[in-house]
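upload_31.pdb follows (PDB, C-alpha atoms):
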MODEL        1
ATOM      1  CA  MET I  64       0.000   0.000   0.000  1.00  0.00           C
ATOM      2  CA  ILE I  65       1.303   3.471  -0.892  1.00  0.00           C
ATOM      3  CA  GLU I  66       1.947   5.596   2.177  1.00  0.00           C
ATOM      4  CA  ALA I  67       3.225   8.842   0.648  1.00  0.00           C
ATOM      5  CA  VAL I  68       3.440  10.709  -2.657  1.00  0.00           C
ATOM      6  CA  VAL I  69       6.120  13.324  -3.363  1.00  0.00           C
ATOM      7  CA  TYR I  70       5.686  15.747  -6.265  1.00  0.00           C
ATOM      8  CA  ASP I  71       8.078  18.038  -8.107  1.00  0.00           C
ATOM      9  CA  PHE I  72       6.676  21.471  -9.047  1.00  0.00           C
ATOM     10  CA  GLY I  73       7.966  22.716 -12.425  1.00  0.00           C
ATOM     11  CA  GLY I  74       7.145  20.288 -15.217  1.00  0.00           C
ATOM     12  CA  VAL I  75       4.589  18.547 -13.010  1.00  0.00           C
ATOM     13  CA  PHE I  76       2.117  21.223 -11.929  1.00  0.00           C
ATOM     14  CA  MET I  77       3.156  23.743 -14.572  1.00  0.00           C
ATOM     15  CA  GLU I  78       5.397  24.168 -17.594  1.00  0.00           C
ATOM     16  CA  SER I  79       8.941  22.901 -17.257  1.00  0.00           C
ATOM     17  CA  PRO I  80      11.763  25.478 -17.401  1.00  0.00           C
ATOM     18  CA  PHE I  81      13.349  23.219 -20.016  1.00  0.00           C
ATOM     19  CA  GLU I  82      10.355  23.832 -22.275  1.00  0.00           C
ATOM     20  CA  ALA I  83      10.949  27.552 -21.781  1.00  0.00           C
ATOM     21  CA  VAL I  84      14.602  27.160 -22.832  1.00  0.00           C
ATOM     22  CA  HIS I  85      13.414  25.339 -25.949  1.00  0.00           C
ATOM     23  CA  GLN I  86      11.087  28.204 -26.850  1.00  0.00           C
ATOM     24  CA  MET I  87      13.696  30.853 -26.156  1.00  0.00           C
ATOM     25  CA  SER I  88      16.321  28.951 -28.179  1.00  0.00           C
ATOM     26  CA  ASP I  89      13.956  28.634 -31.132  1.00  0.00           C
ATOM     27  CA  ASP I  90      13.134  32.337 -31.030  1.00  0.00           C
ATOM     28  CA  LYS I  91      16.735  33.480 -30.653  1.00  0.00           C
ATOM     29  CA  GLY I  92      18.343  30.922 -32.950  1.00  0.00           C
ATOM     30  CA  HIS I  93      20.427  29.324 -30.198  1.00  0.00           C
ATOM     31  CA  ASP I  94      21.374  25.672 -30.032  1.00  0.00           C
ATOM     32  CA  TYR I  95      19.165  24.227 -27.294  1.00  0.00           C
ATOM     33  CA  ASP I  96      21.814  21.937 -25.789  1.00  0.00           C
ATOM     34  CA  VAL I  97      24.283  24.808 -25.481  1.00  0.00           C
ATOM     35  CA  ALA I  98      21.663  27.203 -24.110  1.00  0.00           C
ATOM     36  CA  VAL I  99      20.406  24.825 -21.434  1.00  0.00           C
ATOM     37  CA  GLU I 100      23.972  23.955 -20.389  1.00  0.00           C
ATOM     38  CA  LEU I 101      24.832  27.627 -19.947  1.00  0.00           C
ATOM     39  CA  LEU I 102      21.572  28.774 -18.362  1.00  0.00           C
ATOM     40  CA  LEU I 103      20.722  25.867 -16.077  1.00  0.00           C
ATOM     41  CA  GLY I 104      23.765  23.598 -15.997  1.00  0.00           C
ATOM     42  CA  SER I 105      23.664  19.828 -16.243  1.00  0.00           C
ATOM     43  CA  TYR I 106      20.676  18.403 -14.406  1.00  0.00           C
ATOM     44  CA  GLU I 107      22.308  14.995 -14.359  1.00  0.00           C
ATOM     45  CA  ASP I 108      24.352  16.091 -11.350  1.00  0.00           C
ATOM     46  CA  ASP I 109      24.490  18.591  -8.505  1.00  0.00           C
ATOM     47  CA  THR I 110      27.320  20.962  -9.446  1.00  0.00           C
ATOM     48  CA  ASP I 111      28.705  24.435  -8.752  1.00  0.00           C
ATOM     49  CA  HIS I 112      27.067  25.929 -11.839  1.00  0.00           C
ATOM     50  CA  PRO I 113      25.655  29.358 -10.856  1.00  0.00           C
ATOM     51  CA  TRP I 114      22.065  28.166 -11.287  1.00  0.00           C
ATOM     52  CA  HIS I 115      22.681  25.168  -9.069  1.00  0.00           C
ATOM     53  CA  ARG I 116      24.233  27.418  -6.435  1.00  0.00           C
ATOM     54  CA  ALA I 117      21.172  29.662  -6.613  1.00  0.00           C
ATOM     55  CA  GLU I 118      18.908  26.647  -6.189  1.00  0.00           C
ATOM     56  CA  ARG I 119      20.856  25.735  -3.049  1.00  0.00           C
ATOM     57  CA  GLY I 120      20.392  29.270  -1.736  1.00  0.00           C
ATOM     58  CA  GLU I 121      24.094  30.070  -2.027  1.00  0.00           C
ATOM     59  CA  LEU I 122      23.808  32.800  -4.668  1.00  0.00           C
ATOM     60  CA  ASP I 123      21.303  35.609  -5.205  1.00  0.00           C
ATOM     61  CA  VAL I 124      19.560  35.884  -8.544  1.00  0.00           C
ATOM     62  CA  VAL I 125      21.408  39.034  -9.687  1.00  0.00           C
ATOM     63  CA  SER I 126      24.809  37.437  -9.101  1.00  0.00           C
ATOM     64  CA  THR I 127      23.545  34.282 -10.785  1.00  0.00           C
ATOM     65  CA  ARG I 128      22.525  36.268 -13.851  1.00  0.00           C
ATOM     66  CA  GLU I 129      25.945  37.966 -14.032  1.00  0.00           C
ATOM     67  CA  GLN I 130      27.874  34.721 -13.734  1.00  0.00           C
ATOM     68  CA  ILE I 131      25.748  32.975 -16.363  1.00  0.00           C
ATOM     69  CA  SER I 132      26.231  35.918 -18.729  1.00  0.00           C
ATOM     70  CA  GLU I 133      29.997  35.596 -18.235  1.00  0.00           C
ATOM     71  CA  LEU I 134      29.857  31.896 -19.080  1.00  0.00           C
ATOM     72  CA  ALA I 135      27.859  32.706 -22.212  1.00  0.00           C
ATOM     73  CA  ARG I 136      30.221  35.479 -23.332  1.00  0.00           C
ATOM     74  CA  ALA I 137      33.112  33.042 -23.056  1.00  0.00           C
ATOM     75  CA  ARG I 138      31.263  31.002 -25.702  1.00  0.00           C
ATOM     76  CA  ASP I 139      30.546  34.128 -27.811  1.00  0.00           C
ATOM     77  CA  LEU I 140      26.851  33.959 -26.939  1.00  0.00           C
ATOM     78  CA  ASP I 141      24.457  36.544 -25.558  1.00  0.00           C
ATOM     79  CA  LEU I 142      22.231  34.784 -23.030  1.00  0.00           C
ATOM     80  CA  ASP I 143      20.288  36.552 -20.311  1.00  0.00           C
ATOM     81  CA  LEU I 144      18.785  34.592 -17.414  1.00  0.00           C
ATOM     82  CA  PHE I 145      16.153  37.272 -16.871  1.00  0.00           C
ATOM     83  CA  GLU I 146      15.008  36.892 -20.465  1.00  0.00           C
ATOM     84  CA  LEU I 147      14.485  33.189 -19.789  1.00  0.00           C
ATOM     85  CA  PHE I 148      12.287  34.128 -16.816  1.00  0.00           C
ATOM     86  CA  LYS I 149       9.956  35.917 -19.231  1.00  0.00           C
ATOM     87  CA  TYR I 150       9.521  32.691 -21.185  1.00  0.00           C
ATOM     88  CA  VAL I 151       8.894  30.705 -18.014  1.00  0.00           C
ATOM     89  CA  GLY I 152       6.187  33.219 -17.119  1.00  0.00           C
ATOM     90  CA  MET I 153       4.381  32.911 -20.451  1.00  0.00           C
ATOM     91  CA  ASP I 154       2.370  29.896 -19.310  1.00  0.00           C
ATOM     92  CA  ARG I 155       1.751  30.151 -15.584  1.00  0.00           C
ATOM     93  CA  GLU I 156      -1.394  28.073 -15.571  1.00  0.00           C
ATOM     94  CA  VAL I 157      -1.354  25.259 -13.046  1.00  0.00           C
ATOM     95  CA  TYR I 158      -2.296  21.838 -14.457  1.00  0.00           C
ATOM     96  CA  SER I 159      -5.489  21.184 -12.535  1.00  0.00           C
ATOM     97  CA  PRO I 160      -5.664  17.380 -13.150  1.00  0.00           C
ATOM     98  CA  MET I 161      -2.367  17.030 -11.254  1.00  0.00           C
ATOM     99  CA  VAL I 162      -3.811  19.061  -8.380  1.00  0.00           C
ATOM    100  CA  GLU I 163      -6.780  16.684  -8.313  1.00  0.00           C
ATOM    101  CA  SER I 164      -4.371  13.742  -8.197  1.00  0.00           C
ATOM    102  CA  VAL I 165      -2.953  15.153  -4.965  1.00  0.00           C
ATOM    103  CA  ARG I 166      -6.447  15.338  -3.508  1.00  0.00           C
ATOM    104  CA  ARG I 167      -7.123  11.725  -4.502  1.00  0.00           C
ATOM    105  CA  ALA I 168      -3.893  10.606  -2.861  1.00  0.00           C
ATOM    106  CA  ARG I 169      -4.831  12.405   0.338  1.00  0.00           C
ATOM    107  CA  SER I 170      -8.350  10.965   0.264  1.00  0.00           C
ATOM    108  CA  ARG I 171      -6.741   7.513   0.324  1.00  0.00           C
ATOM    109  CA  GLY I 172      -4.836   8.423   3.462  1.00  0.00           C
ATOM    110  CA  CYS I 173      -1.475   9.148   1.832  1.00  0.00           C
ATOM    111  CA  LEU I 174       0.949  11.730   3.095  1.00  0.00           C
ATOM    112  CA  THR I 175       1.884  14.233   0.388  1.00  0.00           C
ATOM    113  CA  ALA I 176       4.890  16.461  -0.175  1.00  0.00           C
ATOM    114  CA  ILE I 177       6.287  18.792  -2.768  1.00  0.00           C
ATOM    115  CA  LEU I 178      10.033  18.669  -3.441  1.00  0.00           C
ATOM    116  CA  THR I 179      11.276  21.360  -5.787  1.00  0.00           C
ATOM    117  CA  ASN I 180      14.567  22.784  -6.991  1.00  0.00           C
ATOM    118  CA  ASN I 181      13.979  26.508  -6.903  1.00  0.00           C
ATOM    119  CA  ILE I 182      15.603  29.834  -6.148  1.00  0.00           C
ATOM    120  CA  ALA I 183      14.797  31.937  -3.099  1.00  0.00           C
ATOM    121  CA  GLU I 184      13.481  34.860  -5.149  1.00  0.00           C
ATOM    122  CA  ALA I 185      10.808  32.624  -6.757  1.00  0.00           C
ATOM    123  CA  ARG I 186       9.642  31.043  -3.502  1.00  0.00           C
ATOM    124  CA  GLY I 187       6.700  33.340  -2.876  1.00  0.00           C
ATOM    125  CA  MET I 188       5.560  33.156  -6.495  1.00  0.00           C
ATOM    126  CA  TRP I 189       5.433  29.386  -6.891  1.00  0.00           C
ATOM    127  CA  LYS I 190       3.921  28.776  -3.472  1.00  0.00           C
ATOM    128  CA  ALA I 191       1.134  31.239  -4.287  1.00  0.00           C
ATOM    129  CA  MET I 192       0.208  29.207  -7.368  1.00  0.00           C
ATOM    130  CA  LEU I 193      -0.911  26.203  -5.314  1.00  0.00           C
ATOM    131  CA  PRO I 194      -2.942  25.835  -2.111  1.00  0.00           C
ATOM    132  CA  THR I 195       0.131  24.302  -0.491  1.00  0.00           C
ATOM    133  CA  GLU I 196      -1.271  24.136   3.041  1.00  0.00           C
ATOM    134  CA  GLU I 197      -4.329  22.246   1.808  1.00  0.00           C
ATOM    135  CA  LEU I 198      -2.469  19.889  -0.519  1.00  0.00           C
ATOM    136  CA  PHE I 199       0.822  19.038   1.176  1.00  0.00           C
ATOM    137  CA  ASP I 200       1.948  17.835   4.568  1.00  0.00           C
ATOM    138  CA  VAL I 201       5.509  18.867   3.740  1.00  0.00           C
ATOM    139  CA  VAL I 202       7.010  21.454   1.375  1.00  0.00           C
ATOM    140  CA  VAL I 203      10.737  21.194   0.594  1.00  0.00           C
ATOM    141  CA  ASP I 204      12.296  24.029  -1.415  1.00  0.00           C
ATOM    142  CA  SER I 205      15.960  23.474  -2.303  1.00  0.00           C
ATOM    143  CA  SER I 206      16.857  27.115  -1.668  1.00  0.00           C
ATOM    144  CA  GLU I 207      15.570  26.824   1.900  1.00  0.00           C
ATOM    145  CA  VAL I 208      17.312  23.571   2.832  1.00  0.00           C
ATOM    146  CA  GLY I 209      20.625  24.090   1.012  1.00  0.00           C
ATOM    147  CA  MET I 210      20.336  20.886  -1.013  1.00  0.00           C
ATOM    148  CA  ARG I 211      18.974  20.166  -4.463  1.00  0.00           C
ATOM    149  CA  LYS I 212      17.961  17.173  -6.533  1.00  0.00           C
ATOM    150  CA  PRO I 213      19.539  14.803  -7.490  1.00  0.00           C
ATOM    151  CA  ASP I 214      21.503  14.944  -4.207  1.00  0.00           C
ATOM    152  CA  LEU I 215      20.225  11.884  -2.342  1.00  0.00           C
ATOM    153  CA  ARG I 216      20.186  13.783   0.939  1.00  0.00           C
ATOM    154  CA  ILE I 217      17.245  15.948  -0.100  1.00  0.00           C
ATOM    155  CA  TYR I 218      15.079  12.893  -0.775  1.00  0.00           C
ATOM    156  CA  GLN I 219      15.921  11.452   2.635  1.00  0.00           C
ATOM    157  CA  HIS I 220      15.270  14.855   4.211  1.00  0.00           C
ATOM    158  CA  THR I 221      11.807  14.866   2.644  1.00  0.00           C
ATOM    159  CA  LEU I 222      11.090  11.371   3.934  1.00  0.00           C
ATOM    160  CA  ASP I 223      12.287  12.405   7.391  1.00  0.00           C
ATOM    161  CA  LEU I 224       9.899  15.370   7.429  1.00  0.00           C
ATOM    162  CA  LEU I 225       7.060  13.070   6.369  1.00  0.00           C
ATOM    163  CA  GLY I 226       7.724  10.837   9.361  1.00  0.00           C
ATOM    164  CA  ASN I 227       9.851   8.296   7.497  1.00  0.00           C
ATOM    165  CA  PRO I 228       7.385   6.337   5.395  1.00  0.00           C
ATOM    166  CA  GLU I 229       9.001   3.313   3.757  1.00  0.00           C
ATOM    167  CA  PRO I 230      10.736   4.430   0.520  1.00  0.00           C
ATOM    168  CA  GLU I 231       9.228   1.372  -1.177  1.00  0.00           C
ATOM    169  CA  ARG I 232       5.794   2.737  -0.260  1.00  0.00           C
ATOM    170  CA  THR I 233       6.545   6.267  -1.439  1.00  0.00           C
ATOM    171  CA  VAL I 234       5.933   7.505  -4.986  1.00  0.00           C
ATOM    172  CA  PHE I 235       8.007  10.321  -6.478  1.00  0.00           C
ATOM    173  CA  LEU I 236       6.938  12.290  -9.575  1.00  0.00           C
ATOM    174  CA  ASP I 237       9.378  14.492 -11.503  1.00  0.00           C
ATOM    175  CA  ASP I 238       9.868  15.596 -15.100  1.00  0.00           C
ATOM    176  CA  TYR I 239      13.645  15.054 -15.166  1.00  0.00           C
ATOM    177  CA  PRO I 240      15.030  11.498 -15.545  1.00  0.00           C
ATOM    178  CA  SER I 241      18.056  11.873 -13.257  1.00  0.00           C
ATOM    179  CA  ASN I 242      15.859  13.172 -10.428  1.00  0.00           C
ATOM    180  CA  VAL I 243      13.593  10.147 -10.769  1.00  0.00           C
ATOM    181  CA  GLN I 244      16.576   7.799 -10.948  1.00  0.00           C
ATOM    182  CA  ALA I 245      18.018   9.289  -7.757  1.00  0.00           C
ATOM    183  CA  ALA I 246      14.731   8.702  -5.927  1.00  0.00           C
ATOM    184  CA  GLU I 247      14.619   5.127  -7.196  1.00  0.00           C
ATOM    185  CA  SER I 248      18.182   4.541  -6.000  1.00  0.00           C
ATOM    186  CA  ILE I 249      17.030   4.932  -2.385  1.00  0.00           C
ATOM    187  CA  GLY I 250      14.032   2.666  -2.970  1.00  0.00           C
ATOM    188  CA  MET I 251      11.279   5.114  -3.891  1.00  0.00           C
ATOM    189  CA  ILE I 252       8.856   4.362  -6.721  1.00  0.00           C
ATOM    190  CA  GLY I 253       9.636   6.795  -9.532  1.00  0.00           C
ATOM    191  CA  ILE I 254       7.239   8.180 -12.121  1.00  0.00           C
ATOM    192  CA  LEU I 255       8.704  10.281 -14.934  1.00  0.00           C
ATOM    193  CA  VAL I 256       6.271  13.022 -15.912  1.00  0.00           C
ATOM    194  CA  GLY I 257       6.295  13.755 -19.642  1.00  0.00           C
ATOM    195  CA  THR I 258       4.659  16.525 -21.620  1.00  0.00           C
ATOM    196  CA  ASP I 259       1.507  14.381 -21.593  1.00  0.00           C
ATOM    197  CA  ARG I 260       0.944  14.424 -17.847  1.00  0.00           C
ATOM    198  CA  THR I 261      -2.146  12.226 -18.088  1.00  0.00           C
ATOM    199  CA  ARG I 262       0.035   9.108 -18.340  1.00  0.00           C
ATOM    200  CA  ALA I 263       1.858   9.923 -15.093  1.00  0.00           C
ATOM    201  CA  ILE I 264      -1.441  10.577 -13.335  1.00  0.00           C
ATOM    202  CA  ALA I 265      -2.818   7.258 -14.565  1.00  0.00           C
ATOM    203  CA  LEU I 266       0.281   5.421 -13.299  1.00  0.00           C
ATOM    204  CA  LEU I 267      -0.081   7.078  -9.906  1.00  0.00           C
ATOM    205  CA  ASP I 268      -3.789   6.266  -9.715  1.00  0.00           C
ATOM    206  CA  ASP I 269      -3.000   2.634 -10.514  1.00  0.00           C
ATOM    207  CA  LEU I 270      -0.447   2.476  -7.705  1.00  0.00           C
ATOM    208  CA  LEU I 271      -2.859   4.103  -5.258  1.00  0.00           C
ATOM    209  CA  ALA I 272      -5.472   1.525  -6.219  1.00  0.00           C
ATOM    210  CA  GLY I 273      -3.051  -1.261  -5.349  1.00  0.00           C
ATOM    211  CA  GLY I 274      -1.537  -1.911  -8.761  1.00  0.00           C
ATOM    212  CA  SER I 275       2.102  -2.776  -9.386  1.00  0.00           C
ATOM    213  CA  THR I 276       2.917  -0.252 -12.134  1.00  0.00           C
TER     214      THR I 276
ENDMDL
END
What does the file become when written as structure tokens?
Amino acid sequence: MIEAVVYDFGGVFMESPFEAVHQMSDDKGHDYDVAVELLLGSYEDDTDHPWHRAERGELDVVSTREQISELARARDLDLDLFELFKYVGMDREVYSPMVESVRRARSRGCLTAILTNNIAEARGMWKAMLPTEELFDVVVDSSEVGMRKPDLRIYQHTLDLLGNPEPERTVFLDDYPSNVQAAESIGMIGILVGTDRTRAIALLDDLLAGGST
């Protein structure tokens, strides 16, 4: 029986920042792989890229922007982090079927949490987009706790705050493969959320109903 469900925010409840980089790259004629490397760093690992430092609360957003611009100039590119923020803000609609999935999980007696990599300056904005107190027993923002996915410690920290449900009875939903793989490495049940979120919701519903997806 599933005891807890942990959700990512971006790419799960709303548009992924990687989709925003795609749109910005298309509009500006940048190579996507280069743009995402410079703007957000490799999401396969937890590194000292400026964006990763910002997500751990180690760097303010203005300094992050300056350092990313320096990295881009070294590659003869003009990339502005604040311009990316405009693309992220183009579609700020929360995906309501995912919100309803949280309510279904809670109605079945599951604990629920949100575990997001985010920067301190965006904390008030993203929390205001969801009724967090109604939906989640625990909210873990990387910039508050000084850790970020896929660092295994942040998953364990989330489980600790939830009262230590068994990892094997805890589902984790995220839109980035390495984040899901990290959760699975400590025994959690991972669900990769794609652009068609209905599949992920169906997999979760099956697990909550006692399936073995």
### Message
Which residues would end up in the selection if the PyMOL selection byres ((chain I and resi 238) around 12) were applied here, given that I need the answer as a ChimeraX atom specification?
### Response
/I:70-82,106,179-180,212,235-237,239-244,253-260,263
How about saving the chosen residues, C-alpha atoms kept, as a PDB file, in the frame of the given file?
ATOM      1  CA  TYR I  70       5.686  15.747  -6.265  1.00  0.00           C
ATOM      2  CA  ASP I  71       8.078  18.038  -8.107  1.00  0.00           C
ATOM      3  CA  PHE I  72       6.676  21.471  -9.047  1.00  0.00           C
ATOM      4  CA  GLY I  73       7.966  22.716 -12.425  1.00  0.00           C
ATOM      5  CA  GLY I  74       7.145  20.288 -15.217  1.00  0.00           C
ATOM      6  CA  VAL I  75       4.589  18.547 -13.010  1.00  0.00           C
ATOM      7  CA  PHE I  76       2.117  21.223 -11.929  1.00  0.00           C
ATOM      8  CA  MET I  77       3.156  23.743 -14.572  1.00  0.00           C
ATOM      9  CA  GLU I  78       5.397  24.168 -17.594  1.00  0.00           C
ATOM     10  CA  SER I  79       8.941  22.901 -17.257  1.00  0.00           C
ATOM     11  CA  PRO I  80      11.763  25.478 -17.401  1.00  0.00           C
ATOM     12  CA  PHE I  81      13.349  23.219 -20.016  1.00  0.00           C
ATOM     13  CA  GLU I  82      10.355  23.832 -22.275  1.00  0.00           C
ATOM     14  CA  TYR I 106      20.676  18.403 -14.406  1.00  0.00           C
ATOM     15  CA  THR I 179      11.276  21.360  -5.787  1.00  0.00           C
ATOM     16  CA  ASN I 180      14.567  22.784  -6.991  1.00  0.00           C
ATOM     17  CA  LYS I 212      17.961  17.173  -6.533  1.00  0.00           C
ATOM     18  CA  PHE I 235       8.007  10.321  -6.478  1.00  0.00           C
ATOM     19  CA  LEU I 236       6.938  12.290  -9.575  1.00  0.00           C
ATOM     20  CA  ASP I 237       9.378  14.492 -11.503  1.00  0.00           C
ATOM     21  CA  TYR I 239      13.645  15.054 -15.166  1.00  0.00           C
ATOM     22  CA  PRO I 240      15.030  11.498 -15.545  1.00  0.00           C
ATOM     23  CA  SER I 241      18.056  11.873 -13.257  1.00  0.00           C
ATOM     24  CA  ASN I 242      15.859  13.172 -10.428  1.00  0.00           C
ATOM     25  CA  VAL I 243      13.593  10.147 -10.769  1.00  0.00           C
ATOM     26  CA  GLN I 244      16.576   7.799 -10.948  1.00  0.00           C
ATOM     27  CA  GLY I 253       9.636   6.795  -9.532  1.00  0.00           C
ATOM     28  CA  ILE I 254       7.239   8.180 -12.121  1.00  0.00           C
ATOM     29  CA  LEU I 255       8.704  10.281 -14.934  1.00  0.00           C
ATOM     30  CA  VAL I 256       6.271  13.022 -15.912  1.00  0.00           C
ATOM     31  CA  GLY I 257       6.295  13.755 -19.642  1.00  0.00           C
ATOM     32  CA  THR I 258       4.659  16.525 -21.620  1.00  0.00           C
ATOM     33  CA  ASP I 259       1.507  14.381 -21.593  1.00  0.00           C
ATOM     34  CA  ARG I 260       0.944  14.424 -17.847  1.00  0.00           C
ATOM     35  CA  ALA I 263       1.858   9.923 -15.093  1.00  0.00           C
TER      36      ALA I 263
END
### Message
Within 12 Å of (11.1, 17.2, 4.6) in the file's own coordinates, which protein, DNA or RNA residues have an atom, counting all atoms listed in the file? List them as a VMD selection string.
### Response
chain I and resid 69 174 to 179 199 to 205 207 to 208 210 216 to 228
### Message
Since I can't run it myself right now, could you work out what the PyMOL selection byres ((chain I and resi 169) around 10) selects here and report it as a PyMOL selection string?
### Response
chain I and resi 66-68+163-168+170-175+197-200
### Pick from I:Gly104, I:Gln130, I:Ile264, I:Val97, whichever lies nearest to I:Val162 using all atoms listed in the file
I:Ile264
#### Entry: Atomic distance atom CA of I:Phe148 - atom CA of I:Ala83, expressed in Å with one decimal
8.3 Å
### Message
One decimal, in Å: what's the spacing between atom CA of I:Val151 and atom CA of I:Tyr95?
### Response
15.3 Å
### Message
Quick check on the file I pasted: which residues fall under the PyMOL selection byres ((chain I and resi 124) around 12)? Write them as a PyMOL selection string.
### Response
chain I and resi 113-123+125-131+143-145+148+181-185+206
### Query
Rounded to one decimal in Å, what is the spacing between atom CA of I:Asp268 and atom CA of I:Glu156?
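Computed distance, atom CA of I:Asp268 to atom CA of I:Glu156, equals 22.7 Å.
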### Query
Closest to I:Asp214 among I:Asp108, I:Asp141, I:Asp96, I:Glu229, using all atoms listed in the file?
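Of all the options, I:Asp108 lies closest to I:Asp214.
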### Query
Could you pull the residues within 12 Å of I:Lys91, counting all atoms listed in the file, minus those fewer than 2 positions along the same chain, as an MDAnalysis selection string?
chainID I and resid 84:89 93:95 98 140:143 146:147 150
### Message
Under the rule that only C-alpha atoms are counted, which of I:Val234, I:Met192, I:Val157, I:Ala135 is the nearest residue to I:Ala246?
### Response
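Closest to I:Ala246, using only C-alpha atoms: I:Val234.
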How would stretch 216-228 of chain I read, as a tab-separated table (two decimals), in the coordinates of the input, once N, CA and C atoms are built in?
chain	number	residue	atom	x	y	z
I	216	ARG	N	20.54	13.30	-0.40
I	216	ARG	CA	20.19	13.78	0.94
I	216	ARG	C	18.85	14.51	0.97
I	217	ILE	N	18.49	15.18	-0.12
I	217	ILE	CA	17.24	15.95	-0.10
I	217	ILE	C	16.02	15.03	-0.15
I	218	TYR	N	16.17	13.86	-0.77
I	218	TYR	CA	15.08	12.89	-0.78
I	218	TYR	C	14.89	12.32	0.63
I	219	GLN	N	16.01	11.98	1.27
I	219	GLN	CA	15.92	11.45	2.64
I	219	GLN	C	15.38	12.51	3.59
I	220	HIS	N	15.78	13.75	3.38
I	220	HIS	CA	15.27	14.86	4.21
I	220	HIS	C	13.75	14.96	4.09
I	221	THR	N	13.25	14.81	2.87
I	221	THR	CA	11.81	14.87	2.64
I	221	THR	C	11.10	13.71	3.35
I	222	LEU	N	11.67	12.53	3.24
I	222	LEU	CA	11.09	11.37	3.93
I	222	LEU	C	11.10	11.58	5.45
I	223	ASP	N	12.20	12.14	5.95
I	223	ASP	CA	12.29	12.40	7.39
I	223	ASP	C	11.16	13.34	7.84
I	224	LEU	N	10.94	14.41	7.07
I	224	LEU	CA	9.90	15.37	7.43
I	224	LEU	C	8.50	14.75	7.37
I	225	LEU	N	8.34	13.77	6.49
I	225	LEU	CA	7.06	13.07	6.37
I	225	LEU	C	6.85	12.03	7.47
I	226	GLY	N	7.85	11.84	8.31
I	226	GLY	CA	7.72	10.84	9.36
I	226	GLY	C	8.30	9.49	8.98
I	227	ASN	N	9.15	9.50	7.96
I	227	ASN	CA	9.85	8.30	7.50
I	227	ASN	C	8.93	7.17	7.03
I	228	PRO	N	8.08	7.45	6.05
I	228	PRO	CA	7.38	6.34	5.40
I	228	PRO	C	8.41	5.46	4.68
